[in-house]
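The structure appears below as structure tokens.
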Amino acid sequence: LQKRKILFVIIVSCSIFSCLYFIRTGKGLHKLAGKLRRQKIRNDEVIKEKFDDKNIDSQTDSHTDSQTDSRQKPNRSEEEEGRLITFHVSNLEGSPGSEGTFSIRTRPSWSPKGAQRFEDLTEQSFWNGCRFFRAIDNFVVQWGINGDPNIQKKWNGKLLEDEEVKASNDRGTVVFAMSGPNTRETQMYINTGKNNKNLDKQGFTPIGTVIQGMDVVDQIYTGYGDDPDQSEIELIGNKYLEDEFPKLSFISVASFE
């Protein structure tokens with residue numbers, strides 16, 4: 001028993017001396033601190049890897065969303081310019097009850113002033129009831145004198161300055177009729193011929209084009225040629241045309257799409 005007590009005292013003493021030694025020299029603390037630092041570094045690396053993976057996933061999702069948005073939203077440069085206007089026409093080929101439609105898109109890049117005037121006239125329902133008073137096979141069909149003389153008077157004298165001819169008078173283009181330089185007013189024509197490019201040199205500037213229903217335009221009655229008197233139309237209106245040229249095709253209504 002005495003030996004056991006002595007052995008116990010020796011072991012306790014050694015333990016105390018060892019602790020005092022490590023505390024004094026700091027080796028134990030350094031070792032413990034090093035272990036803690038290594039553990040912290042490993043934990044930081046794990047957290048960073050998780051953050052990087054999450055960030056990459058987020059960037060991938062964002063890139064995918066961006067690609068999806070770009071596919072869903074058309075490029076503005078690909079969008080059509082101007083405005084789309086549909087014309088309902090009656091008396092096709094001179095036959096009562098024969099009707100059809102064609103659509104015109106204005107082209108402000110060709111003729112800013114001309115396209116704006118055409119749209120303004122549409123907004124005011126100017127075209128409704130207008131007859132195609134001058135229609136020549138394989139050349140042009142012309143309209144633009146209002147059937148009500150009082151309405152026509154409001155536009156007489158409101159002339160537009162000429163603009164550079166930026167598009168040719170190809171078949172299907174829509175152009176202001178003129179009687180000389182700077183005389184564009186309300187009269188329009190559609191080129192139905194394929195060889196009207198000679199009009200370019202004369203300053204006839206297209207302001208739009210027929211994008212649908214050119215087959216309907218081709219059915220506009222041409223039997224009277226250019227016989228109707230334009231001054232009589234302005235003075236008397238549609239009554240003159242209905243009495244003297246009953247087969248003329250006419251616009252029942254024109255409206256924006």
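If you're wondering about the labels, chains in the structure tokens are A, B, ... by order shown, residues count from 1 in each chain, ligands from 1 in order shown.
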
Discussion item. Taking 5 positions as the minimum chain separation for residues in the same chain, which residues sit within 12 Å of Glu242 of chain A when counting only C-alpha atoms? Answer as a PyMOL selection string.
Written reply: chain A and resi 91+94+129-133+147+228+233+236-237+247-250

Item to complete: Excluding Glu123 of chain A and residues on its chain fewer than 4 positions from it, collect all residues at most 12 Å away from it, counting only C-alpha atoms, and give them as a PyMOL selection string.
Response: chain A and resi 83+85+116-119+127-128+253-257

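Non-sequential neighbours of Trp155 of chain A (distance at most 12 Å, separation of 2 or more positions within a chain, only C-alpha atoms) are Arg117, Asp120, Leu121, Gln124, Phe126, Gly144, Ile145, Asn146, Asp148, Pro149, Asn150, Ile151, Gln152, Lys153, Gly157, Lys158, Leu159, Leu160, Arg184, Glu185, Thr186, Gln187 and Glu234 of chain A.
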
Emit the selected residues as an mmCIF file, in the first residue's frame, including C-alpha atoms.
data_model
loop_
_atom_site.group_PDB
_atom_site.id
_atom_site.type_symbol
_atom_site.label_atom_id
_atom_site.label_comp_id
_atom_site.auth_asym_id
_atom_site.auth_seq_id
_atom_site.Cartn_x
_atom_site.Cartn_y
_atom_site.Cartn_z
ATOM 1 C CA ARG A 117 -49.400 62.805 -94.560
ATOM 2 C CA ASP A 120 -52.855 61.654 -91.165
ATOM 3 C CA LEU A 121 -55.371 61.258 -93.994
ATOM 4 C CA GLN A 124 -59.247 61.395 -90.516
ATOM 5 C CA PHE A 126 -60.271 60.784 -95.729
ATOM 6 C CA GLY A 144 -57.315 60.617 -103.433
ATOM 7 C CA ILE A 145 -60.005 63.206 -104.262
ATOM 8 C CA ASN A 146 -62.577 63.033 -101.501
ATOM 9 C CA ASP A 148 -67.318 65.355 -100.384
ATOM 10 C CA PRO A 149 -66.185 68.678 -101.918
ATOM 11 C CA ASN A 150 -66.272 70.365 -98.511
ATOM 12 C CA ILE A 151 -63.779 67.870 -97.075
ATOM 13 C CA GLN A 152 -61.548 68.148 -100.131
ATOM 14 C CA LYS A 153 -61.441 71.948 -99.810
ATOM 15 C CA GLY A 157 -53.332 74.030 -100.971
ATOM 16 C CA LYS A 158 -51.703 71.975 -98.190
ATOM 17 C CA LEU A 159 -48.767 70.986 -100.348
ATOM 18 C CA LEU A 160 -45.764 68.949 -99.314
ATOM 19 C CA ARG A 184 -47.984 66.577 -103.277
ATOM 20 C CA GLU A 185 -51.373 66.972 -101.616
ATOM 21 C CA THR A 186 -53.892 64.089 -101.235
ATOM 22 C CA GLN A 187 -53.841 62.158 -104.504
ATOM 23 C CA GLU A 234 -63.494 68.368 -106.742
#

Worksheet item: Where in segment 75-253 of chain A does DSSP assign helix (DSSP H, G or I), given as JSON, numbers by chain?
Response: {"A": [76, 77, 78, 92, 93, 94, 112, 113, 114, 115, 116, 117, 118, 119, 120, 121, 122, 123, 149, 150, 151, 152, 153, 154, 155, 197, 198, 199, 200, 201, 202, 214, 215, 216, 217, 230, 231, 232, 233, 234, 235, 236, 238, 239, 240, 241, 242, 243, 244]}

Worksheet item: What does the distance from atom CA of Val141 of chain A to atom CA of Met178 of chain A come to in Å, to one decimal?
Response: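 One can read the atom CA of Val141 of chain A to atom CA of Met178 of chain A distance as 14.0 Å.
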
Discussion item. Excluding segment 97-108 of chain A and its own-chain neighbours fewer than 4 positions away, which residues fall within 8 Å of it when counting only C-alpha atoms? Please give them as a ChimeraX atom specification.
Written reply: /A:81-93,112-116,118-119,174,207-214,216-217

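Between atom CA of Asn169 of chain A and atom CA of Arg134 of chain A lies a distance of 17.4 Å.
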